[in-house]
file structure03.txt (compact mmCIF, C-alpha atoms)
# COMPACT_ATOMS: atom_id res chain seq x y z
CA MET H 1 20.98 -11.95 -16.01
CA SER H 2 17.24 -11.84 -16.72
CA ALA H 3 15.79 -10.20 -19.81
CA ASN H 4 14.40 -7.48 -17.55
CA ASP H 5 17.79 -6.79 -15.99
CA ARG H 6 19.50 -6.66 -19.40
CA LEU H 7 16.97 -4.11 -20.62
CA ALA H 8 17.33 -2.19 -17.34
CA ALA H 9 21.08 -1.93 -17.98
CA GLU H 10 20.35 -0.54 -21.46
CA ASN H 11 17.93 2.01 -19.99
CA ARG H 12 20.57 3.11 -17.51
CA ALA H 13 23.22 3.46 -20.22
CA GLN H 14 20.82 5.55 -22.30
CA LEU H 15 20.01 7.83 -19.37
CA THR H 16 23.65 8.22 -18.37
CA ALA H 17 24.67 9.02 -21.95
CA ALA H 18 21.95 11.70 -22.04
CA ARG H 19 23.23 13.11 -18.72
CA VAL H 20 19.89 12.42 -17.05
CA PHE H 21 19.99 11.42 -13.38
CA SER H 22 17.06 9.10 -12.72
CA ILE H 23 15.22 7.82 -9.68
CA ASN H 24 12.74 4.99 -9.14
CA LEU H 25 10.24 6.21 -6.51
CA MET H 26 8.45 3.42 -4.65
CA ALA H 27 5.85 3.55 -1.86
CA SER H 28 2.57 2.26 -0.51
CA PRO H 29 -0.58 3.77 -2.00
CA GLY H 30 -1.01 7.22 -0.52
CA ALA H 31 2.42 7.58 1.09
CA GLY H 32 2.98 10.77 -0.89
CA LYS H 33 4.84 9.96 -4.11
CA THR H 34 2.99 12.54 -6.17
CA SER H 35 3.07 15.14 -3.41
CA LEU H 36 6.85 14.74 -3.11
CA ILE H 37 7.18 15.09 -6.87
CA GLU H 38 5.12 18.30 -6.82
CA ARG H 39 7.29 19.73 -4.03
CA THR H 40 10.49 18.65 -5.80
CA VAL H 41 9.50 20.23 -9.10
CA LYS H 42 8.77 23.54 -7.40
CA SER H 43 11.92 23.45 -5.24
CA LEU H 44 14.20 22.80 -8.21
CA ALA H 45 12.58 25.26 -10.62
CA GLY H 46 15.33 27.19 -12.39
CA GLN H 47 18.03 24.80 -11.11
CA LEU H 48 17.36 21.41 -12.68
CA ARG H 49 15.02 20.55 -15.54
CA LEU H 50 12.68 17.79 -14.40
CA GLY H 51 11.04 14.95 -16.25
CA MET H 52 8.50 12.57 -14.84
CA ILE H 53 7.18 9.15 -15.70
CA ASN H 54 4.13 8.20 -13.67
CA GLY H 55 3.09 4.59 -13.50
CA ASP H 56 -0.47 3.88 -12.55
CA LEU H 57 -3.07 1.17 -12.94
CA ALA H 58 -5.52 3.60 -14.47
CA THR H 59 -6.11 7.36 -14.84
CA SER H 60 -3.57 10.10 -15.52
CA LEU H 61 -4.22 11.93 -12.24
CA ASP H 62 -0.57 11.82 -11.17
CA ALA H 63 0.90 12.93 -14.47
CA ASP H 64 -1.64 15.76 -14.52
CA ARG H 65 -0.49 16.90 -11.07
CA ALA H 66 3.19 16.64 -12.04
CA ALA H 67 2.62 18.59 -15.26
CA ALA H 68 0.64 21.24 -13.41
CA ALA H 69 3.63 21.64 -11.08
CA GLY H 70 5.87 22.34 -14.09
CA ALA H 71 7.47 19.05 -15.09
CA THR H 72 7.56 17.27 -18.42
CA ALA H 73 5.34 14.30 -17.60
CA VAL H 74 4.55 11.04 -19.33
CA GLN H 75 1.96 8.59 -18.02
CA ILE H 76 2.25 4.82 -18.16
CA ASN H 77 -1.00 3.03 -17.54
CA THR H 78 0.00 -0.46 -16.56
CA GLY H 79 -3.48 -1.80 -17.27
CA GLY H 80 -3.70 -3.46 -13.88
CA GLU H 81 -0.07 -4.59 -13.56
CA CYS H 82 1.17 -4.17 -10.00
CA HIS H 83 4.60 -2.76 -10.83
CA LEU H 84 6.66 -1.07 -13.52
CA ASP H 85 9.39 -2.99 -15.30
CA ALA H 86 12.29 -2.21 -17.61
CA VAL H 87 10.15 -2.78 -20.73
CA MET H 88 7.66 -0.12 -19.66
CA LEU H 89 10.46 2.34 -18.94
CA ALA H 90 12.12 1.58 -22.28
CA GLU H 91 8.83 2.32 -24.05
CA ALA H 92 8.29 5.54 -22.11
CA LEU H 93 11.78 7.06 -22.58
CA PRO H 94 11.35 7.92 -26.30
CA ARG H 95 8.28 9.97 -25.36
CA LEU H 96 10.54 12.39 -23.43
CA ASP H 97 13.13 14.76 -24.89
CA LEU H 98 16.01 13.60 -22.71
CA ALA H 99 18.24 16.44 -23.92
CA GLN H 100 15.90 18.82 -22.08
CA ILE H 101 15.95 16.88 -18.77
CA ASP H 102 18.50 16.81 -15.95
CA LEU H 103 16.54 14.79 -13.42
CA LEU H 104 13.99 12.07 -14.20
CA LEU H 105 11.63 10.91 -11.46
CA VAL H 106 9.90 7.61 -12.20
CA GLU H 107 6.84 7.11 -10.00
CA ASN H 108 6.21 3.40 -9.59
CA VAL H 109 2.80 1.82 -8.90
CA GLY H 110 1.71 2.26 -5.26
CA ASN H 111 2.75 -1.12 -3.84
CA LEU H 112 5.24 -2.11 -1.13
CA VAL H 113 5.81 -5.61 -2.48
CA CYS H 114 6.08 -6.14 -6.23
CA PRO H 115 8.05 -3.12 -7.55
CA ALA H 116 11.12 -4.15 -5.52
CA SER H 117 11.52 -7.26 -7.71
CA PHE H 118 11.87 -5.40 -11.01
CA GLN H 119 14.84 -3.20 -11.88
CA LEU H 120 13.95 -0.35 -14.20
CA GLY H 121 17.40 0.95 -15.00
CA THR H 122 17.23 4.13 -12.96
CA HIS H 123 20.41 5.25 -11.17
CA LYS H 124 18.90 5.13 -7.69
CA SER H 125 15.84 3.70 -5.92
CA VAL H 126 14.05 5.67 -3.23
CA LEU H 127 11.34 4.45 -0.89
CA ILE H 128 8.80 6.83 0.61
CA ALA H 129 7.41 5.64 3.93
CA SER H 130 4.77 7.68 5.72
CA VAL H 131 4.13 8.08 9.41
CA PRO H 132 0.44 6.99 9.46
CA GLU H 133 1.37 3.64 7.87
CA GLY H 134 2.91 2.65 11.19
CA ASP H 135 6.37 1.94 12.56
CA ASP H 136 6.31 -1.82 11.82
CA LYS H 137 6.54 -1.55 8.04
CA PRO H 138 10.30 -2.29 7.67
CA TYR H 139 9.79 -5.54 9.58
CA LYS H 140 6.79 -6.55 7.48
CA TYR H 141 7.98 -5.49 4.01
CA PRO H 142 11.72 -6.20 4.24
CA GLY H 143 12.34 -6.70 0.51
CA THR H 144 11.45 -3.15 -0.41
CA TYR H 145 13.35 -1.60 2.49
CA GLN H 146 16.48 -3.57 1.64
CA GLY H 147 16.84 -2.51 -1.94
CA VAL H 148 16.80 1.30 -1.82
CA GLU H 149 19.52 3.96 -1.68
CA ALA H 150 17.44 6.48 0.24
CA LEU H 151 14.35 6.45 2.45
CA VAL H 152 12.02 9.42 2.76
CA ILE H 153 9.83 9.42 5.89
CA ASN H 154 6.85 11.57 4.86
CA LYS H 155 3.91 13.07 6.80
CA LEU H 156 6.07 14.05 9.74
CA ASP H 157 3.36 16.59 10.65
CA LEU H 158 1.06 13.68 11.64
CA LEU H 159 3.44 12.35 14.34
CA PRO H 160 1.47 13.96 17.21
CA TYR H 161 -1.75 12.23 16.12
CA VAL H 162 -0.68 8.62 15.54
CA SER H 163 1.24 5.83 17.28
CA PHE H 164 4.63 5.85 15.60
CA ASN H 165 7.83 5.05 17.48
CA MET H 166 10.60 6.56 15.35
CA ASP H 167 13.33 4.59 17.19
CA TYR H 168 11.59 1.26 16.54
CA PHE H 169 11.07 2.20 12.89
CA ARG H 170 14.70 3.27 12.46
CA ARG H 171 16.01 0.09 14.12
CA GLY H 172 14.13 -1.97 11.54
CA VAL H 173 15.49 0.12 8.70
CA GLU H 174 19.06 -0.03 9.99
CA MET H 175 18.86 -3.83 10.39
CA LEU H 176 17.74 -4.26 6.77
CA ASN H 177 19.70 -1.52 5.09
CA PRO H 178 22.61 -0.36 7.27
CA GLY H 179 23.63 3.22 6.74
CA VAL H 180 20.89 4.05 4.25
CA LEU H 181 20.18 7.77 4.01
CA THR H 182 16.88 8.67 5.71
CA VAL H 183 15.13 11.98 5.12
CA PRO H 184 12.22 12.75 7.46
CA LEU H 185 10.00 15.45 5.98
CA SER H 186 6.48 16.70 5.48
CA CYS H 187 5.20 17.44 1.98
CA ARG H 188 2.30 19.23 3.66
CA THR H 189 4.31 21.74 5.71
CA GLY H 190 7.57 21.68 3.74
CA GLU H 191 9.60 20.73 6.82
CA GLY H 192 12.72 18.75 5.93
CA LEU H 193 12.43 19.21 2.17
CA GLU H 194 15.73 21.06 1.85
CA ALA H 195 17.67 17.89 2.80
CA TRP H 196 15.85 15.89 0.10
CA VAL H 197 16.48 18.53 -2.54
CA ALA H 198 20.15 18.85 -1.52
CA TRP H 199 20.61 15.08 -1.88
CA LEU H 200 18.99 15.10 -5.33
CA LYS H 201 21.25 17.93 -6.50
CA GLN H 202 24.35 16.22 -5.17
CA GLN H 203 23.43 12.89 -6.78
CA ALA H 204 22.58 14.52 -10.09
CA SER H 205 25.88 16.38 -10.06
CA GLU H 206 27.86 13.20 -9.36
CA THR H 207 26.07 11.25 -12.10
CA HIS H 208 26.67 14.01 -14.59
CA GLY H 209 30.35 14.03 -13.66
CA ASP H 210 30.27 17.71 -12.78
CA PRO H 211 32.93 19.01 -10.41
CA ALA H 212 31.62 18.78 -6.84
CA MET G 1 -13.06 -21.80 -13.83
CA SER G 2 -9.43 -21.53 -12.78
CA ALA G 3 -7.78 -24.02 -10.41
CA ASN G 4 -7.67 -21.25 -7.81
CA ASP G 5 -11.39 -20.53 -8.14
CA ARG G 6 -12.27 -24.23 -7.90
CA LEU G 7 -10.27 -24.54 -4.69
CA ALA G 8 -11.83 -21.31 -3.40
CA ALA G 9 -15.28 -22.85 -3.90
CA GLU G 10 -14.16 -25.88 -1.88
CA ASN G 11 -12.87 -23.63 0.90
CA ARG G 12 -16.20 -21.80 1.00
CA ALA G 13 -18.17 -25.05 1.15
CA GLN G 14 -15.98 -26.26 4.02
CA LEU G 15 -16.46 -23.03 5.96
CA THR G 16 -20.21 -22.95 5.37
CA ALA G 17 -20.57 -26.59 6.45
CA ALA G 18 -18.67 -25.74 9.66
CA ARG G 19 -20.98 -22.75 10.23
CA VAL G 20 -18.04 -20.35 10.06
CA PHE G 21 -18.70 -16.93 8.53
CA SER G 22 -15.51 -15.75 6.84
CA ILE G 23 -14.13 -12.47 5.57
CA ASN G 24 -11.20 -11.57 3.32
CA LEU G 25 -9.77 -8.30 4.66
CA MET G 26 -7.78 -6.32 2.11
CA ALA G 27 -6.00 -2.96 2.40
CA SER G 28 -2.88 -0.94 1.69
CA PRO G 29 0.03 -1.45 4.07
CA GLY G 30 -0.77 0.41 7.27
CA ALA G 31 -4.44 1.13 6.60
CA GLY G 32 -5.35 -0.64 9.85
CA LYS G 33 -6.18 -4.29 9.14
CA THR G 34 -4.62 -5.57 12.34
CA SER G 35 -5.99 -2.69 14.42
CA LEU G 36 -9.51 -3.39 13.12
CA ILE G 37 -9.07 -7.07 13.96
CA GLU G 38 -7.98 -6.21 17.51
CA ARG G 39 -10.98 -3.94 17.98
CA THR G 40 -13.33 -6.55 16.48
CA VAL G 41 -12.07 -9.34 18.72
CA LYS G 42 -12.61 -7.21 21.82
CA SER G 43 -16.04 -5.94 20.70
CA LEU G 44 -17.34 -9.44 19.99
CA ALA G 45 -15.91 -11.13 23.11
CA GLY G 46 -18.59 -13.37 24.60
CA GLN G 47 -20.80 -13.03 21.51
CA LEU G 48 -18.93 -14.67 18.63
CA ARG G 49 -15.88 -16.92 18.75
CA LEU G 50 -13.23 -15.47 16.45
CA GLY G 51 -10.54 -17.09 14.37
CA MET G 52 -7.86 -15.29 12.42
CA ILE G 53 -5.55 -16.10 9.56
CA ASN G 54 -2.89 -13.46 9.02
CA GLY G 55 -1.03 -13.36 5.75
CA ASP G 56 2.29 -11.59 5.74
CA LEU G 57 5.52 -11.57 3.77
CA ALA G 58 7.56 -12.18 6.89
CA THR G 59 7.23 -12.04 10.70
CA SER G 60 4.29 -13.10 12.87
CA LEU G 61 3.70 -9.61 14.28
CA ASP G 62 0.06 -9.53 13.20
CA ALA G 63 -0.87 -13.00 14.44
CA ASP G 64 0.80 -12.15 17.74
CA ARG G 65 -1.34 -9.00 18.05
CA ALA G 66 -4.53 -10.88 17.13
CA ALA G 67 -3.77 -13.66 19.61
CA ALA G 68 -3.00 -11.14 22.34
CA ALA G 69 -6.43 -9.62 21.70
CA GLY G 70 -8.04 -13.03 22.32
CA ALA G 71 -8.50 -14.70 18.94
CA THR G 72 -7.37 -18.10 17.71
CA ALA G 73 -4.71 -17.00 15.24
CA VAL G 74 -2.74 -18.75 12.52
CA GLN G 75 0.03 -17.05 10.56
CA ILE G 76 0.75 -17.61 6.89
CA ASN G 77 4.14 -16.35 5.82
CA THR G 78 3.85 -15.98 2.07
CA GLY G 79 7.63 -15.89 1.65
CA GLY G 80 7.52 -12.72 -0.39
CA GLU G 81 4.32 -13.45 -2.35
CA CYS G 82 2.24 -10.29 -2.76
CA HIS G 83 -1.18 -11.84 -2.05
CA LEU G 84 -2.94 -14.80 -0.48
CA ASP G 85 -4.62 -17.38 -2.69
CA ALA G 86 -7.03 -20.29 -2.24
CA VAL G 87 -4.17 -22.79 -1.83
CA MET G 88 -2.74 -20.89 1.12
CA LEU G 89 -6.17 -20.68 2.75
CA ALA G 90 -6.78 -24.41 2.16
CA GLU G 91 -3.48 -25.18 3.87
CA ALA G 92 -4.23 -22.89 6.82
CA LEU G 93 -7.78 -24.09 7.55
CA PRO G 94 -6.78 -27.49 9.05
CA ARG G 95 -4.63 -25.62 11.58
CA LEU G 96 -7.79 -24.10 13.09
CA ASP G 97 -10.50 -25.95 15.02
CA LEU G 98 -13.41 -24.71 12.92
CA ALA G 99 -15.97 -26.19 15.35
CA GLN G 100 -14.78 -23.58 17.86
CA ILE G 101 -15.08 -20.60 15.50
CA ASP G 102 -18.09 -18.53 14.43
CA LEU G 103 -16.30 -15.77 12.55
CA LEU G 104 -13.04 -16.12 10.62
CA LEU G 105 -11.14 -12.99 9.62
CA VAL G 106 -8.51 -13.56 6.95
CA GLU G 107 -6.00 -10.72 6.81
CA ASN G 108 -4.54 -10.50 3.33
CA VAL G 109 -1.10 -9.11 2.46
CA GLY G 110 -0.99 -5.30 2.59
CA ASN G 111 -1.43 -4.50 -1.09
CA LEU G 112 -4.13 -2.61 -3.03
CA VAL G 113 -3.46 -4.38 -6.32
CA CYS G 114 -2.74 -8.11 -6.33
CA PRO G 115 -5.07 -9.60 -3.68
CA ALA G 116 -8.15 -8.52 -5.66
CA SER G 117 -7.25 -11.01 -8.41
CA PHE G 118 -7.30 -14.11 -6.21
CA GLN G 119 -10.46 -15.52 -4.64
CA LEU G 120 -9.84 -17.25 -1.34
CA GLY G 121 -13.24 -18.79 -0.74
CA THR G 122 -14.35 -16.48 2.05
CA HIS G 123 -18.01 -15.46 2.17
CA LYS G 124 -17.36 -11.73 1.85
CA SER G 125 -14.53 -9.39 0.90
CA VAL G 126 -13.94 -6.17 2.79
CA LEU G 127 -11.60 -3.34 1.88
CA ILE G 128 -10.17 -1.03 4.52
CA ALA G 129 -9.31 2.40 3.17
CA SER G 130 -7.74 4.99 5.45
CA VAL G 131 -8.07 8.75 5.44
CA PRO G 132 -4.33 9.64 5.22
CA GLU G 133 -3.99 7.56 2.02
CA GLY G 134 -5.93 10.26 0.22
CA ASP G 135 -9.30 10.64 -1.46
CA ASP G 136 -8.12 9.60 -4.94
CA LYS G 137 -7.55 5.93 -4.19
CA PRO G 138 -10.82 4.56 -5.67
CA TYR G 139 -9.95 6.24 -8.97
CA LYS G 140 -6.39 4.88 -8.96
CA TYR G 141 -7.01 1.31 -7.69
CA PRO G 142 -10.39 0.52 -9.24
CA GLY G 143 -10.02 -3.26 -9.29
CA THR G 144 -9.87 -3.59 -5.54
CA TYR G 145 -12.70 -1.14 -4.91
CA GLN G 146 -14.95 -2.93 -7.40
CA GLY G 147 -14.77 -6.39 -5.91
CA VAL G 148 -15.73 -5.89 -2.26
CA GLU G 149 -18.99 -6.21 -0.33
CA ALA G 150 -18.12 -3.59 2.29
CA LEU G 151 -15.70 -0.69 2.62
CA VAL G 152 -14.34 0.46 5.96
CA ILE G 153 -12.98 4.03 5.98
CA ASN G 154 -10.51 4.00 8.86
CA LYS G 155 -8.55 6.74 10.68
CA LEU G 156 -11.48 9.13 10.68
CA ASP G 157 -9.78 10.91 13.62
CA LEU G 158 -7.11 12.18 11.19
CA LEU G 159 -9.61 14.04 8.97
CA PRO G 160 -8.80 17.45 10.53
CA TYR G 161 -5.09 17.06 9.76
CA VAL G 162 -5.05 15.90 6.12
CA SER G 163 -6.55 16.84 2.76
CA PHE G 164 -9.35 14.35 2.26
CA ASN G 165 -12.57 15.28 0.47
CA MET G 166 -15.09 12.68 1.62
CA ASP G 167 -17.56 13.58 -1.18
CA TYR G 168 -14.92 13.10 -3.87
CA PHE G 169 -13.86 9.80 -2.31
CA ARG G 170 -17.46 8.56 -2.06
CA ARG G 171 -18.24 9.54 -5.65
CA GLY G 172 -15.36 7.34 -6.82
CA VAL G 173 -16.54 4.44 -4.68
CA GLU G 174 -20.16 4.78 -5.85
CA MET G 175 -19.08 4.86 -9.51
CA LEU G 176 -17.13 1.61 -9.13
CA ASN G 177 -19.29 -0.25 -6.66
CA PRO G 178 -22.80 1.22 -6.55
CA GLY G 179 -24.57 0.82 -3.25
CA VAL G 180 -21.65 -0.83 -1.45
CA LEU G 181 -21.87 -0.54 2.32
CA THR G 182 -19.39 2.01 3.68
CA VAL G 183 -18.45 2.18 7.36
CA PRO G 184 -16.44 5.25 8.41
CA LEU G 185 -14.70 4.63 11.72
CA SER G 186 -11.59 5.15 13.81
CA CYS G 187 -9.80 2.17 15.33
CA ARG G 188 -7.90 4.67 17.45
CA THR G 189 -10.89 6.38 19.10
CA GLY G 190 -13.50 3.65 18.61
CA GLU G 191 -15.85 6.03 16.77
CA GLY G 192 -18.08 4.18 14.30
CA LEU G 193 -17.09 0.68 15.38
CA GLU G 194 -20.61 -0.29 16.46
CA ALA G 195 -21.83 -0.15 12.83
CA TRP G 196 -19.00 -2.48 11.75
CA VAL G 197 -19.70 -4.94 14.54
CA ALA G 198 -23.44 -4.88 13.84
CA TRP G 199 -22.81 -5.67 10.17
CA LEU G 200 -20.53 -8.59 11.08
CA LYS G 201 -23.11 -10.03 13.46
CA GLN G 202 -25.89 -9.70 10.92
CA GLN G 203 -23.81 -11.31 8.16
CA ALA G 204 -22.69 -14.14 10.42
CA SER G 205 -26.28 -14.78 11.47
CA GLU G 206 -27.47 -14.91 7.85
CA THR G 207 -24.68 -17.26 6.80
CA HIS G 208 -25.39 -19.57 9.72
CA GLY G 209 -29.05 -19.63 8.73
CA ASP G 210 -30.14 -18.39 12.16
CA PRO G 211 -33.51 -16.66 12.42
CA ALA G 212 -32.98 -12.90 11.97

call {"tool": "encode", "arguments": {"input": "structure03.txt", "output": "structure tokens"}}
result
Amino acid sequence: MSANDRLAAENRAQLTAARVFSINLMASPGAGKTSLIERTVKSLAGQLRLGMINGDLATSLDADRAAAAGATAVQINTGGECHLDAVMLAEALPRLDLAQIDLLLVENVGNLVCPASFQLGTHKSVLIASVPEGDDKPYKYPGTYQGVEALVINKLDLLPYVSFNMDYFRRGVEMLNPGVLTVPLSCRTGEGLEAWVAWLKQQASETHGDPA
Amino acid sequence: MSANDRLAAENRAQLTAARVFSINLMASPGAGKTSLIERTVKSLAGQLRLGMINGDLATSLDADRAAAAGATAVQINTGGECHLDAVMLAEALPRLDLAQIDLLLVENVGNLVCPASFQLGTHKSVLIASVPEGDDKPYKYPGTYQGVEALVINKLDLLPYVSFNMDYFRRGVEMLNPGVLTVPLSCRTGEGLEAWVAWLKQQASETHGDPA
């Protein structure tokens, strides 16, 4: 077990003990991580208390957007590093009051390659693909598609304007990660968001050990 | 000087001696590297002889597309590595007949972070941004925007369907890389491609020492 994985296990134990359900959100630059977080915060207002850790090379633009949407947000500037790791998460957790959080969304650096190699200690990993990136991405970035528990397919509203064969895309996903939950949606129009929010609530409830 | 940079200088000397003008093409996954290569090969048919080196984590999808468009194409599978480096380029060059090539396009791994840290030895570096990625990318990925000699802004045809403030985007670019050439275009419709092709021809001519 690597030092990173050991620390990731400690992060997970800390989050579980605090009854915080946590997600590692990965995606290409511009696939819609921050937009999905904004939508999620608004959809769950009054139901779950959200916390956010936004990893970025520079700037606090994402944390600012998450905070404006109503979440407790902490920014990690990686100083050029291409991914988050368990050390960065361990350093960020004490900056949040975990007793006031039910669901923690950790926004990784926009990168389809490197983040997949570093466990953070979150309960689940979610990949956000987006329609304008093209339908060949599972075939070309297999490592990231293999390691996630759910796949959001964002920017569904752009389907009429780009070449994107959903069957070809889904075949690639199914080959790499059989049975993985896929949630097609549009953060722009709101279409499909209810399935994403329902999954989050169900997962949070299971992690917290609440009766189903 | 690092070992990588020394080898990059050797690659550049080899390419210059062979009268090959070379470009390192960087972009996020799905910004349109391969589509721009296809368009470029077709636009320059009968004018410049094109060679291609496609870096990818897995698959030869991109080299297949480039070859189908009419270029001499060589695939580098990085085996999961998140960027190309000068060693990989040095190993790929002998697989091409440089005497038969005027312009060499090197397609880096789809990644806005890591490739910027590794010189390959090409004459110029070009970044392809794309409209659906969003107008905040220069602010969030400054390293890659700083180090390039030209910036293609692809998927211009999607401007009516997404939130993308061109002025805000350009201000970020100008702050990081004052005066850098920007070429807005659409690989889908062909709009704007003539400016890109003209720049390539001019750069190739200057590198080859031909009279302007």

call {"tool": "atom_distance", "arguments": {"input": "structure03.txt", "atom1": "CA of Ala99 in chain G", "atom2": "CA of Lys33 in chain G"}}
result
24.8 Å

call {"tool": "atom_distance", "arguments": {"input": "structure03.txt", "atom1": "CA of Ala63 in chain H", "atom2": "CA of Val41 in chain H"}}
result
12.5 Å

call {"tool": "closest_atom_pairs", "arguments": {"input": "structure03.txt", "of": "chain H", "to": "chain G", "cutoff": "6 Å", "atoms": "all atoms listed in the file", "output": "JSON lines"}}
result
{"residue": "H:Gly30", "atom": "CA", "partner": "G:Glu133", "partner_atom": "CA", "distance": 3.9}
{"residue": "H:Ala58", "atom": "CA", "partner": "G:Lys140", "partner_atom": "CA", "distance": 5.7}
{"residue": "H:Cys82", "atom": "CA", "partner": "G:Val113", "partner_atom": "CA", "distance": 5.9}
{"residue": "H:Val113", "atom": "CA", "partner": "G:Cys82", "partner_atom": "CA", "distance": 5.9}
{"residue": "H:Glu133", "atom": "CA", "partner": "G:Gly30", "partner_atom": "CA", "distance": 3.9}
{"residue": "H:Gly134", "atom": "CA", "partner": "G:Gly30", "partner_atom": "CA", "distance": 5.8}
{"residue": "H:Lys140", "atom": "CA", "partner": "G:Ala58", "partner_atom": "CA", "distance": 5.7}

call {"tool": "write_last_selection", "arguments": {"input": "structure03.txt", "atoms": "C-alpha atoms", "output": "mmCIF file, in the frame of the given file"}}
result
data_model
loop_
_atom_site.group_PDB
_atom_site.id
_atom_site.type_symbol
_atom_site.label_atom_id
_atom_site.label_comp_id
_atom_site.auth_asym_id
_atom_site.auth_seq_id
_atom_site.Cartn_x
_atom_site.Cartn_y
_atom_site.Cartn_z
ATOM 1 C CA GLY H 30 -1.010 7.220 -0.520
ATOM 2 C CA ALA H 58 -5.520 3.600 -14.470
ATOM 3 C CA CYS H 82 1.170 -4.170 -10.000
ATOM 4 C CA VAL H 113 5.810 -5.610 -2.480
ATOM 5 C CA GLU H 133 1.370 3.640 7.870
ATOM 6 C CA GLY H 134 2.910 2.650 11.190
ATOM 7 C CA LYS H 140 6.790 -6.550 7.480
#

call {"tool": "closest_residue", "arguments": {"input": "structure03.txt", "among": "G:Val106, G:Ala9, G:Val183, G:Leu15", "to": "Leu84 in chain G", "atoms": "only C-alpha atoms"}}
result
G:Val106

call {"tool": "atom_distance", "arguments": {"input": "structure03.txt", "atom1": "CA of Leu151 in chain H", "atom2": "CA of Gly70 in chain H"}}
result
24.5 Å

call {"tool": "residues_around", "arguments": {"input": "structure03.txt", "residues": "range 192-204 of chain H", "least_positions_apart": "5", "cutoff": "8 Å", "atoms": "only C-alpha atoms", "output": "CSV table (one decimal) with C-alpha atoms, in the frame of the given file"}}
result
chain,number,residue,atom,x,y,z
H,20,VAL,CA,19.9,12.4,-17.0
H,21,PHE,CA,20.0,11.4,-13.4
H,40,THR,CA,10.5,18.6,-5.8
H,43,SER,CA,11.9,23.4,-5.2
H,44,LEU,CA,14.2,22.8,-8.2
H,102,ASP,CA,18.5,16.8,-16.0
H,103,LEU,CA,16.5,14.8,-13.4
H,152,VAL,CA,12.0,9.4,2.8
H,183,VAL,CA,15.1,12.0,5.1
H,184,PRO,CA,12.2,12.8,7.5
H,185,LEU,CA,10.0,15.4,6.0
H,186,SER,CA,6.5,16.7,5.5
H,187,CYS,CA,5.2,17.4,2.0
H,212,ALA,CA,31.6,18.8,-6.8

call {"tool": "closest_residue", "arguments": {"input": "structure03.txt", "among": "G:Asp5, G:Asp85, G:Asp64, G:Glu107", "to": "Leu36 in chain G", "atoms": "all atoms listed in the file"}}
result
G:Glu107

call {"tool": "residues_near_point", "arguments": {"input": "structure03.txt", "point": "(16.3, 18.6, -19.7)", "cutoff": "12 Å", "atoms": "all atoms listed in the file", "output": "JSON list (two decimals) with C-alpha atoms, in the frame of the given file"}}
result
[["chain", "number", "residue", "atom", "x", "y", "z"],
["H", 15, "LEU", "CA", 20.01, 7.83, -19.37],
["H", 18, "ALA", "CA", 21.95, 11.70, -22.04],
["H", 19, "ARG", "CA", 23.23, 13.11, -18.72],
["H", 20, "VAL", "CA", 19.89, 12.42, -17.05],
["H", 21, "PHE", "CA", 19.99, 11.42, -13.38],
["H", 22, "SER", "CA", 17.06, 9.10, -12.72],
["H", 45, "ALA", "CA", 12.58, 25.26, -10.62],
["H", 46, "GLY", "CA", 15.33, 27.19, -12.39],
["H", 47, "GLN", "CA", 18.03, 24.80, -11.11],
["H", 48, "LEU", "CA", 17.36, 21.41, -12.68],
["H", 49, "ARG", "CA", 15.02, 20.55, -15.54],
["H", 50, "LEU", "CA", 12.68, 17.79, -14.40],
["H", 51, "GLY", "CA", 11.04, 14.95, -16.25],
["H", 52, "MET", "CA", 8.50, 12.57, -14.84],
["H", 71, "ALA", "CA", 7.47, 19.05, -15.09],
["H", 72, "THR", "CA", 7.56, 17.27, -18.42],
["H", 73, "ALA", "CA", 5.34, 14.30, -17.60],
["H", 96, "LEU", "CA", 10.54, 12.39, -23.43],
["H", 97, "ASP", "CA", 13.13, 14.76, -24.89],
["H", 98, "LEU", "CA", 16.01, 13.60, -22.71],
["H", 99, "ALA", "CA", 18.24, 16.44, -23.92],
["H", 100, "GLN", "CA", 15.90, 18.82, -22.08],
["H", 101, "ILE", "CA", 15.95, 16.88, -18.77],
["H", 102, "ASP", "CA", 18.50, 16.81, -15.95],
["H", 103, "LEU", "CA", 16.54, 14.79, -13.42],
["H", 104, "LEU", "CA", 13.99, 12.07, -14.20]]

call {"tool": "axis_aligned_box", "arguments": {"input": "structure03.txt", "around": "range 125-136 of chain G", "padding_each_side": "5 Å", "output": "JSON"}}
result
{"center_x": -9.3, "center_y": 0.6, "center_z": 0.3, "size_x": 20.5, "size_y": 30.0, "size_z": 20.4}

call {"tool": "residues_around", "arguments": {"input": "structure03.txt", "residues": "Asn108 in chain H", "least_positions_apart": "6", "cutoff": "6 Å", "atoms": "all atoms listed in the file", "output": "list in words"}}
result
Leu25, Met26, Gly55 and Leu84 of chain H

call {"tool": "write_last_selection", "arguments": {"input": "structure03.txt", "atoms": "C-alpha atoms", "output": "PDB file, keeping the file's coordinate frame"}}
result
ATOM      1  CA  LEU H  25      10.240   6.210  -6.510  1.00  0.00           C
ATOM      2  CA  MET H  26       8.450   3.420  -4.650  1.00  0.00           C
ATOM      3  CA  GLY H  55       3.090   4.590 -13.500  1.00  0.00           C
ATOM      4  CA  LEU H  84       6.660  -1.070 -13.520  1.00  0.00           C
TER       5      LEU H  84
END

call {"tool": "residues_around", "arguments": {"input": "structure03.txt", "residues": "range 145-150 of chain G", "least_positions_apart": "4", "cutoff": "7 Å", "atoms": "all atoms listed in the file", "output": "number ranges by chain"}}
result
G: 116, 124-127, 138, 141, 173, 176-177, 180-182

call {"tool": "residues_around", "arguments": {"input": "structure03.txt", "residues": "Val87 in chain G", "least_positions_apart": "3", "cutoff": "8 Å", "atoms": "only C-alpha atoms", "output": "list in words"}}
result
Asn4, Leu7, Ala8, Ala90, Glu91 and Leu120 of chain G
